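Trainee: Got a structure for you, work12.cif, holding mmCIF, C-alpha atoms and all ligand atoms.
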```
data_protein
loop_
_atom_site.label_atom_id
_atom_site.label_comp_id
_atom_site.auth_asym_id
_atom_site.auth_seq_id
_atom_site.Cartn_x
_atom_site.Cartn_y
_atom_site.Cartn_z
CA MET A 2 -54.69 -39.27 43.25
CA THR A 3 -56.86 -36.86 41.26
CA ALA A 4 -58.73 -34.48 43.53
CA PRO A 5 -62.13 -33.19 42.43
CA ALA A 6 -62.07 -29.59 41.17
CA VAL A 7 -65.41 -28.81 42.81
CA PRO A 8 -65.50 -29.14 46.61
CA ASN A 9 -68.11 -31.32 48.28
CA PRO A 10 -71.01 -28.86 48.83
CA ASP A 11 -71.63 -30.26 52.33
CA GLY A 12 -67.97 -30.51 53.31
CA ILE A 13 -65.96 -28.38 55.70
CA MET A 14 -64.10 -26.68 52.83
CA ALA A 15 -67.33 -25.30 51.34
CA ARG A 16 -68.30 -24.07 54.82
CA LEU A 17 -64.92 -22.43 55.32
CA LYS A 18 -65.09 -20.70 51.95
CA ALA A 19 -68.66 -19.43 52.43
CA GLY A 20 -68.04 -18.54 56.08
CA THR A 21 -65.03 -16.35 55.27
CA ALA A 22 -66.04 -14.89 51.88
CA ALA A 23 -66.87 -11.50 53.45
CA GLN A 24 -63.56 -11.46 55.36
CA HIS A 25 -61.66 -12.38 52.18
CA ALA A 26 -63.20 -9.39 50.43
CA VAL A 27 -62.08 -7.11 53.28
CA ALA A 28 -58.56 -8.59 53.39
CA GLU A 29 -58.15 -8.41 49.62
CA SER A 30 -59.08 -4.72 49.57
CA LYS A 31 -56.60 -3.64 52.27
CA PRO A 32 -54.13 -0.98 51.02
CA LEU A 33 -51.16 -3.25 51.79
CA GLU A 34 -52.63 -6.07 49.65
CA ALA A 35 -53.39 -3.58 46.88
CA ALA A 36 -49.76 -2.36 47.02
CA LEU A 37 -48.56 -5.98 46.83
CA ILE A 38 -50.73 -6.90 43.86
CA ASP A 39 -49.96 -3.73 41.87
CA GLY A 40 -46.26 -4.01 42.69
CA SER A 41 -46.09 -0.55 44.28
CA ILE A 42 -45.05 -1.81 47.74
CA GLY A 43 -41.62 -0.62 48.85
CA ARG A 44 -38.93 -3.10 49.81
CA ALA A 45 -38.96 -2.02 53.48
CA GLN A 46 -42.68 -2.63 53.78
CA TYR A 47 -42.41 -5.95 51.95
CA GLN A 48 -39.68 -6.98 54.39
CA LYS A 49 -41.93 -6.04 57.32
CA TYR A 50 -44.76 -8.10 55.80
CA LEU A 51 -42.50 -11.16 55.48
CA ALA A 52 -41.11 -10.66 58.99
CA GLN A 53 -44.57 -10.66 60.58
CA ARG A 54 -45.62 -13.69 58.53
CA TRP A 55 -42.44 -15.44 59.74
CA LEU A 56 -43.43 -14.96 63.39
CA ILE A 57 -46.86 -16.43 62.63
CA HIS A 58 -45.76 -19.39 60.49
CA ARG A 59 -43.08 -20.34 63.01
CA GLU A 60 -45.76 -20.74 65.71
CA LEU A 61 -48.30 -22.30 63.36
CA GLU A 62 -45.86 -24.93 62.18
CA SER A 63 -44.57 -25.87 65.66
CA ALA A 64 -48.17 -26.14 66.85
CA THR A 65 -48.93 -28.32 63.80
CA ASP A 66 -45.94 -30.57 64.59
CA ARG A 67 -47.40 -31.04 68.09
CA ALA A 68 -50.94 -31.67 66.76
CA LEU A 69 -49.62 -34.28 64.33
CA LYS A 70 -48.41 -36.29 67.32
CA THR A 71 -51.80 -36.22 69.07
CA ASP A 72 -54.37 -36.27 66.23
CA PRO A 73 -53.76 -38.97 63.59
CA ARG A 74 -56.68 -37.67 61.48
CA ILE A 75 -54.60 -34.82 60.10
CA SER A 76 -51.66 -36.96 58.92
CA SER A 77 -53.32 -37.50 55.49
CA LEU A 78 -52.81 -33.78 54.75
CA LYS A 79 -48.99 -34.12 54.72
CA LEU A 80 -48.87 -30.69 56.34
CA PRO A 81 -45.06 -30.45 56.72
CA THR A 82 -44.75 -30.41 52.90
CA LEU A 83 -46.77 -27.17 52.96
CA TYR A 84 -44.76 -25.37 55.66
CA GLN A 85 -43.51 -21.86 54.97
CA THR A 86 -41.07 -20.97 57.78
CA LYS A 87 -37.98 -21.99 55.78
CA ASN A 88 -39.25 -20.17 52.68
CA LEU A 89 -39.73 -17.03 54.75
CA GLU A 90 -36.24 -17.41 56.21
CA SER A 91 -34.79 -17.68 52.74
CA ASP A 92 -36.65 -14.56 51.50
CA LEU A 93 -35.74 -12.64 54.65
CA ALA A 94 -32.06 -13.65 54.34
CA ARG A 95 -31.98 -12.16 50.83
CA LEU A 96 -33.17 -8.92 52.39
CA GLN A 97 -30.48 -9.17 55.09
CA THR A 98 -32.98 -9.33 57.92
CA ASN A 99 -31.94 -9.91 61.51
CA LEU A 100 -34.60 -12.39 62.63
CA LYS A 101 -33.88 -11.68 66.30
CA SER A 102 -34.95 -8.05 65.89
CA ILE A 103 -38.51 -8.91 64.72
CA ARG A 104 -41.29 -7.97 67.17
CA PRO A 105 -44.96 -8.81 66.63
CA LEU A 106 -47.26 -5.97 65.55
CA SER A 107 -50.94 -5.66 66.38
CA GLY A 108 -52.82 -8.61 64.88
CA ALA A 109 -49.80 -10.91 64.93
CA SER A 110 -49.52 -11.15 68.74
CA ASP A 111 -53.20 -12.11 69.22
CA LEU A 112 -52.97 -14.69 66.49
CA ILE A 113 -49.78 -16.18 67.93
CA GLU A 114 -51.42 -16.51 71.35
CA LYS A 115 -54.39 -18.23 69.79
CA ILE A 116 -52.16 -20.64 67.85
CA GLN A 117 -50.27 -21.62 71.00
CA LYS A 118 -53.40 -22.89 72.72
CA ALA A 119 -55.34 -24.13 69.68
CA ALA A 120 -56.98 -27.57 69.54
CA PRO A 121 -56.50 -29.38 66.19
CA ALA A 122 -59.76 -28.08 64.66
CA THR A 123 -58.96 -24.47 65.57
CA LEU A 124 -55.44 -24.93 64.28
CA MET A 125 -56.73 -26.24 60.96
CA GLY A 126 -59.05 -23.24 60.64
CA ILE A 127 -55.98 -21.03 60.94
CA PHE A 128 -53.92 -23.26 58.63
CA TYR A 129 -56.70 -23.11 56.01
CA VAL A 130 -56.42 -19.32 55.77
CA PHE A 131 -52.67 -19.36 55.08
CA GLU A 132 -52.88 -22.37 52.76
CA GLY A 133 -55.73 -20.77 50.77
CA SER A 134 -53.83 -17.49 50.61
CA LYS A 135 -51.18 -19.20 48.45
CA ASN A 136 -53.71 -19.03 45.58
CA GLY A 137 -53.72 -15.23 45.44
CA ALA A 138 -50.07 -14.95 46.51
CA ARG A 139 -48.90 -16.51 43.23
CA PHE A 140 -50.39 -13.53 41.40
CA ILE A 141 -48.67 -11.20 43.84
CA ALA A 142 -45.30 -12.92 43.23
CA LYS A 143 -45.69 -12.43 39.47
CA ALA A 144 -46.70 -8.78 39.89
CA LEU A 145 -43.75 -8.05 42.18
CA ALA A 146 -41.29 -9.82 39.91
CA GLN A 147 -42.47 -7.67 37.02
CA ALA A 148 -42.44 -4.44 39.06
CA TRP A 149 -38.90 -5.13 40.30
CA GLY A 150 -37.56 -6.17 36.91
CA LEU A 151 -36.99 -9.86 37.73
CA SER A 152 -37.43 -12.53 35.08
CA ASP A 153 -38.90 -15.16 37.43
CA THR A 154 -40.43 -15.57 40.91
CA ASP A 155 -37.48 -17.56 42.34
CA SER A 156 -36.76 -14.94 45.00
CA PHE A 157 -40.37 -15.07 46.23
CA ARG A 158 -40.26 -18.41 47.98
CA TYR A 159 -43.03 -17.47 50.43
CA LEU A 160 -45.42 -16.01 47.88
CA ASP A 161 -44.89 -18.73 45.27
CA PRO A 162 -43.61 -21.81 47.09
CA HIS A 163 -45.03 -24.48 44.79
CA GLY A 164 -44.97 -22.94 41.29
CA GLU A 165 -46.98 -24.98 38.80
CA GLU A 166 -47.90 -27.49 41.53
CA GLN A 167 -49.96 -24.89 43.41
CA ARG A 168 -53.34 -25.79 41.91
CA GLY A 169 -52.95 -29.55 42.39
CA LEU A 170 -51.77 -29.15 45.98
CA TRP A 171 -54.72 -26.89 46.77
CA LEU A 172 -57.20 -29.40 45.29
CA LYS A 173 -55.57 -32.19 47.33
CA PHE A 174 -55.70 -30.09 50.52
CA ARG A 175 -59.39 -29.45 49.89
CA SER A 176 -60.35 -33.07 49.31
CA ASP A 177 -58.22 -34.35 52.23
CA MET A 178 -59.81 -31.80 54.60
CA ASP A 179 -63.28 -32.84 53.42
CA ALA A 180 -62.43 -36.52 53.96
CA ILE A 181 -61.66 -36.03 57.68
CA ALA A 182 -64.50 -36.83 60.10
CA TRP A 183 -64.69 -33.43 61.84
CA THR A 184 -67.49 -33.29 64.42
CA PRO A 185 -70.13 -30.55 64.04
CA ALA A 186 -68.61 -28.74 67.04
CA GLU A 187 -65.14 -28.91 65.47
CA GLN A 188 -66.51 -27.56 62.19
CA ASP A 189 -67.98 -24.58 64.04
CA GLN A 190 -64.66 -24.01 65.83
CA MET A 191 -62.80 -24.20 62.54
CA VAL A 192 -64.96 -21.62 60.80
CA ARG A 193 -64.71 -19.26 63.81
CA ALA A 194 -60.92 -19.68 63.88
CA ALA A 195 -60.67 -18.96 60.14
CA GLN A 196 -62.80 -15.82 60.49
CA ALA A 197 -60.67 -14.61 63.43
CA THR A 198 -57.51 -15.30 61.40
CA PHE A 199 -58.72 -13.16 58.50
CA ASP A 200 -59.57 -10.37 60.97
CA ALA A 201 -56.10 -10.64 62.53
CA ILE A 202 -54.43 -10.49 59.10
CA SER A 203 -56.47 -7.47 58.08
CA SER A 204 -55.52 -5.65 61.26
CA LEU A 205 -51.88 -6.70 60.80
CA ASP A 206 -51.96 -5.43 57.20
CA ASP A 207 -53.15 -2.05 58.52
CA ALA A 208 -50.39 -1.98 61.15
CA ILE A 209 -47.74 -2.77 58.52
CA HIS A 210 -49.15 -0.23 56.08
CA ALA A 211 -49.25 2.50 58.72
CA GLY A 212 -45.62 1.92 59.77
C1 LIG A 301 -54.19 -9.08 46.83
C2 LIG A 301 -54.84 -9.83 47.65
C3 LIG A 301 -55.51 -11.13 47.33
C4 LIG A 301 -55.91 -11.65 46.12
C5 LIG A 301 -55.80 -11.01 44.75
C6 LIG A 301 -56.47 -12.94 46.37
C7 LIG A 301 -56.96 -13.79 45.40
C8 LIG A 301 -57.48 -15.04 45.62
C9 LIG A 301 -58.01 -15.90 44.60
C10 LIG A 301 -58.05 -15.57 43.11
C11 LIG A 301 -58.46 -17.02 45.20
C12 LIG A 301 -59.21 -18.16 44.55
C13 LIG A 301 -58.37 -19.31 44.17
C14 LIG A 301 -59.18 -20.45 43.56
O1 LIG A 301 -60.27 -20.78 44.05
O2 LIG A 301 -58.69 -21.00 42.61
C15 LIG A 301 -58.19 -16.88 46.62
C16 LIG A 301 -58.49 -17.82 47.55
C17 LIG A 301 -58.20 -17.68 48.89
N1 LIG A 301 -57.53 -16.63 49.49
FE1 LIG A 301 -57.03 -14.91 48.63
N2 LIG A 301 -56.41 -13.21 47.71
C18 LIG A 301 -55.82 -12.12 48.32
C19 LIG A 301 -55.54 -11.98 49.66
C20 LIG A 301 -55.75 -12.94 50.60
C21 LIG A 301 -55.36 -12.82 51.99
C22 LIG A 301 -54.66 -11.61 52.62
C23 LIG A 301 -55.71 -13.98 52.58
C24 LIG A 301 -55.50 -14.39 54.00
C25 LIG A 301 -54.30 -14.32 54.59
C26 LIG A 301 -56.34 -14.84 51.57
C27 LIG A 301 -56.83 -16.10 51.79
C28 LIG A 301 -57.45 -16.88 50.84
C29 LIG A 301 -58.08 -18.15 51.12
C30 LIG A 301 -58.23 -18.82 52.48
C31 LIG A 301 -58.54 -18.64 49.90
C32 LIG A 301 -59.27 -19.98 49.66
C33 LIG A 301 -60.76 -19.77 49.52
C34 LIG A 301 -61.44 -21.12 49.32
O3 LIG A 301 -61.75 -21.77 50.32
O4 LIG A 301 -61.61 -21.51 48.17
N3 LIG A 301 -56.34 -14.18 50.38
N4 LIG A 301 -57.60 -15.66 46.84
#
```
How would this structure read if it were set down as structure tokens?

Mentor:
Amino acid sequence: MTAPAVPNPDGIMARLKAGTAAQHAVAESKPLEAALIDGSIGRAQYQKYLAQRWLIHRELESATDRALKTDPRISSLKLPTLYQTKNLESDLARLQTNLKSIRPLSGASDLIEKIQKAAPATLMGIFYVFEGSKNGARFIAKALAQAWGLSDTDSFRYLDPHGEEQRGLWLKFRSDMDAIAWTPAEQDQMVRAAQATFDAISSLDDAIHAG
């Protein structure tokens, strides 16, 4: 299937993009994100970043598994093919991380609580933020590979999980999300959840950067 490159202007994806543009600008300008994109982040801080993302994706993906059983509308998105927990575990294993020692920092704990009780629309607002973030993360993977003298991004499974398929998968995610009959109330919930997720990530970025 060829997905349209321009999202439906009245669809949920256009609403999500417009409704979180200001939060994206804030998130993108956080010192931790700047250190990731210019390759100046230290390995310890990068490990902390992955560890916190692991706590979040683990919850997000178990909650998505549960939602897939109760809401058949989201099955078209093939969400398990987009999961990141195993990629994070692979990256963290390379850095010899003890997963049991990871504790949530500010931002991560609130988000995890929200994920645990999220209805499908709220969950998809949260999922949207992490799925969309793969677009910028590919640039980060390339920058880090260059800064650390690596010839490819193979050791950045979380930041570049799909390689050349990234663009096509993102276009498919967008058109499949737009094709679902979300009610107006669900659309509002989704945008609010996405905004809150960006805020949580920005506060988590600050907590990681300060540590
Ligand atoms: C160095 C930091 C970042 C850079 C350089 C960056 C860059 C980008 C770029 C270039 C796109 C557009 C992709 C396209 O339309 O083809 C994008 C989209 C997106 N990014 Fe980021 N980003 C950064 C950080 C983040 C963070 C921290 C998050 C949230 C965790 C995030 C979430 C998103 C989302 C949700 C979209 C999709 C927007 C849409 O609906 O089209 N980004 N980013």

Trainee: Using 6 Å of padding on each side, determine the axis-aligned box around all atoms of region 163-176 of chain A present in the file and give its centre and edge lengths in Å to one decimal, as lines of an AutoDock Vina configuration file.

Mentor:
```
center_x = -52.7
center_y = -28.0
center_z = 44.7
size_x = 27.4
size_y = 22.1
size_z = 23.7
```

Trainee: If you count only C-alpha atoms, which residues fall within 8 Å of Gln188 (chain A), apart from same-chain ones fewer than 4 positions away, as a ChimeraX atom specification?

Mentor: /A:13,122,183-184,192

Trainee: Residues within 12 Å of (-47.9, -31.3, 65.7), file coordinates, counting only C-alpha atoms: what are they? Give the list as a list in words.

Mentor: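 In the file's frame, the residues around the point are Glu60, Leu61, Glu62, Ser63, Ala64, Thr65, Asp66, Arg67, Ala68, Leu69, Lys70, Thr71, Asp72, Pro73, Arg74, Ile75, Ser76, Lys79, Leu80, Pro81, Ile116, Gln117, Ala119, Ala120, Pro121, Leu124 and Met125 of chain A.
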
Trainee: Out of A:Arg95, A:Arg44, A:Lys31, A:Arg175, which residue has the shortest atom-to-atom distance to Ala148 (chain A) when counting all atoms listed in the file?

Mentor: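 Comparing A:Arg95, A:Arg44, A:Lys31, A:Arg175 against Ala148 (chain A), the winner is A:Arg44.
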
Trainee: Would you mind listing the residues within 8 Å of ligand LIG 301 (chain A), counting all atoms listed in the file, as a ChimeraX atom specification?

Mentor: /A:14-15,17-19,21-22,25,28-31,34-35,37-38,129-138,140-141,168,198-199,202-203

Trainee: Write the residues of the selection above to a file with C-alpha atoms, as a PDB file, keeping the file's coordinate frame.

Mentor:
```
ATOM      1  CA  MET A  14     -64.100 -26.680  52.830  1.00  0.00           C
ATOM      2  CA  ALA A  15     -67.330 -25.300  51.340  1.00  0.00           C
ATOM      3  CA  LEU A  17     -64.920 -22.430  55.320  1.00  0.00           C
ATOM      4  CA  LYS A  18     -65.090 -20.700  51.950  1.00  0.00           C
ATOM      5  CA  ALA A  19     -68.660 -19.430  52.430  1.00  0.00           C
ATOM      6  CA  THR A  21     -65.030 -16.350  55.270  1.00  0.00           C
ATOM      7  CA  ALA A  22     -66.040 -14.890  51.880  1.00  0.00           C
ATOM      8  CA  HIS A  25     -61.660 -12.380  52.180  1.00  0.00           C
ATOM      9  CA  ALA A  28     -58.560  -8.590  53.390  1.00  0.00           C
ATOM     10  CA  GLU A  29     -58.150  -8.410  49.620  1.00  0.00           C
ATOM     11  CA  SER A  30     -59.080  -4.720  49.570  1.00  0.00           C
ATOM     12  CA  LYS A  31     -56.600  -3.640  52.270  1.00  0.00           C
ATOM     13  CA  GLU A  34     -52.630  -6.070  49.650  1.00  0.00           C
ATOM     14  CA  ALA A  35     -53.390  -3.580  46.880  1.00  0.00           C
ATOM     15  CA  LEU A  37     -48.560  -5.980  46.830  1.00  0.00           C
ATOM     16  CA  ILE A  38     -50.730  -6.900  43.860  1.00  0.00           C
ATOM     17  CA  TYR A 129     -56.700 -23.110  56.010  1.00  0.00           C
ATOM     18  CA  VAL A 130     -56.420 -19.320  55.770  1.00  0.00           C
ATOM     19  CA  PHE A 131     -52.670 -19.360  55.080  1.00  0.00           C
ATOM     20  CA  GLU A 132     -52.880 -22.370  52.760  1.00  0.00           C
ATOM     21  CA  GLY A 133     -55.730 -20.770  50.770  1.00  0.00           C
ATOM     22  CA  SER A 134     -53.830 -17.490  50.610  1.00  0.00           C
ATOM     23  CA  LYS A 135     -51.180 -19.200  48.450  1.00  0.00           C
ATOM     24  CA  ASN A 136     -53.710 -19.030  45.580  1.00  0.00           C
ATOM     25  CA  GLY A 137     -53.720 -15.230  45.440  1.00  0.00           C
ATOM     26  CA  ALA A 138     -50.070 -14.950  46.510  1.00  0.00           C
ATOM     27  CA  PHE A 140     -50.390 -13.530  41.400  1.00  0.00           C
ATOM     28  CA  ILE A 141     -48.670 -11.200  43.840  1.00  0.00           C
ATOM     29  CA  ARG A 168     -53.340 -25.790  41.910  1.00  0.00           C
ATOM     30  CA  THR A 198     -57.510 -15.300  61.400  1.00  0.00           C
ATOM     31  CA  PHE A 199     -58.720 -13.160  58.500  1.00  0.00           C
ATOM     32  CA  ILE A 202     -54.430 -10.490  59.100  1.00  0.00           C
ATOM     33  CA  SER A 203     -56.470  -7.470  58.080  1.00  0.00           C
TER      34      SER A 203
END
```

Trainee: Check the smallest atom-to-atom distance from each of A:Arg139, A:Lys87, A:Arg54, A:Lys118 to Pro105 (chain A) using all atoms listed in the file, then report the winner.

Mentor: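 Of A:Arg139, A:Lys87, A:Arg54, A:Lys118, the one nearest Pro105 (chain A), counting all atoms listed in the file, is A:Arg54.
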
Trainee: Find, counting all atoms listed in the file, the residue in A:Asp92, A:Ile127, A:Gly40, A:Glu187 that gets nearest to Gly150 (chain A).

Mentor: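 Counting all atoms listed in the file, the residue closest to Gly150 (chain A) is A:Gly40.
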
Trainee: Find, counting all atoms listed in the file, the residue in A:Arg59, A:His163, A:His210, A:Arg104 that gets nearest to Ala36 (chain A).

Mentor: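 That would be A:His210, the residue with the smallest distance to Ala36 (chain A).
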
Trainee: Give the answer as one residue: which of A:Ser91, A:Leu100, A:Gly20, A:Thr86 has the shortest atom-to-atom distance to Arg193 (chain A), using all atoms listed in the file?

Mentor: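 That would be A:Gly20, the residue with the smallest distance to Arg193 (chain A).
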
Trainee: Using all atoms listed in the file for the distances, tell me which of A:Ile57, A:Gln167, A:Lys173, A:Asp179 is nearest to Lys115 (chain A).

Mentor: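 Counting all atoms listed in the file, the residue closest to Lys115 (chain A) is A:Ile57.
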
Trainee: Hey, can you check how far CA of Tyr50 (chain A) sits from CA of Asp206 (chain A)?

Mentor: 7.8 Å

Trainee: Using CA of Asp189 (chain A) and CA of Phe128 (chain A) as the two end points, give the distance in Å to one decimal.

Mentor: 15.1 Å

Trainee: Take CA of Leu112 (chain A) and CA of Gln53 (chain A) and report the distance between them in Å, one decimal.

Mentor: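 A separation of 11.0 Å between them.
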
Trainee: Identify, on the basis of only C-alpha atoms, every residue whose closest approach to Leu51 (chain A) does not exceed 9 Å; exclude the query and any residue fewer than 2 positions from it along the same chain; express the result as number ranges by chain.

Mentor: A: 46-49, 53-56, 89-90, 92-93, 159
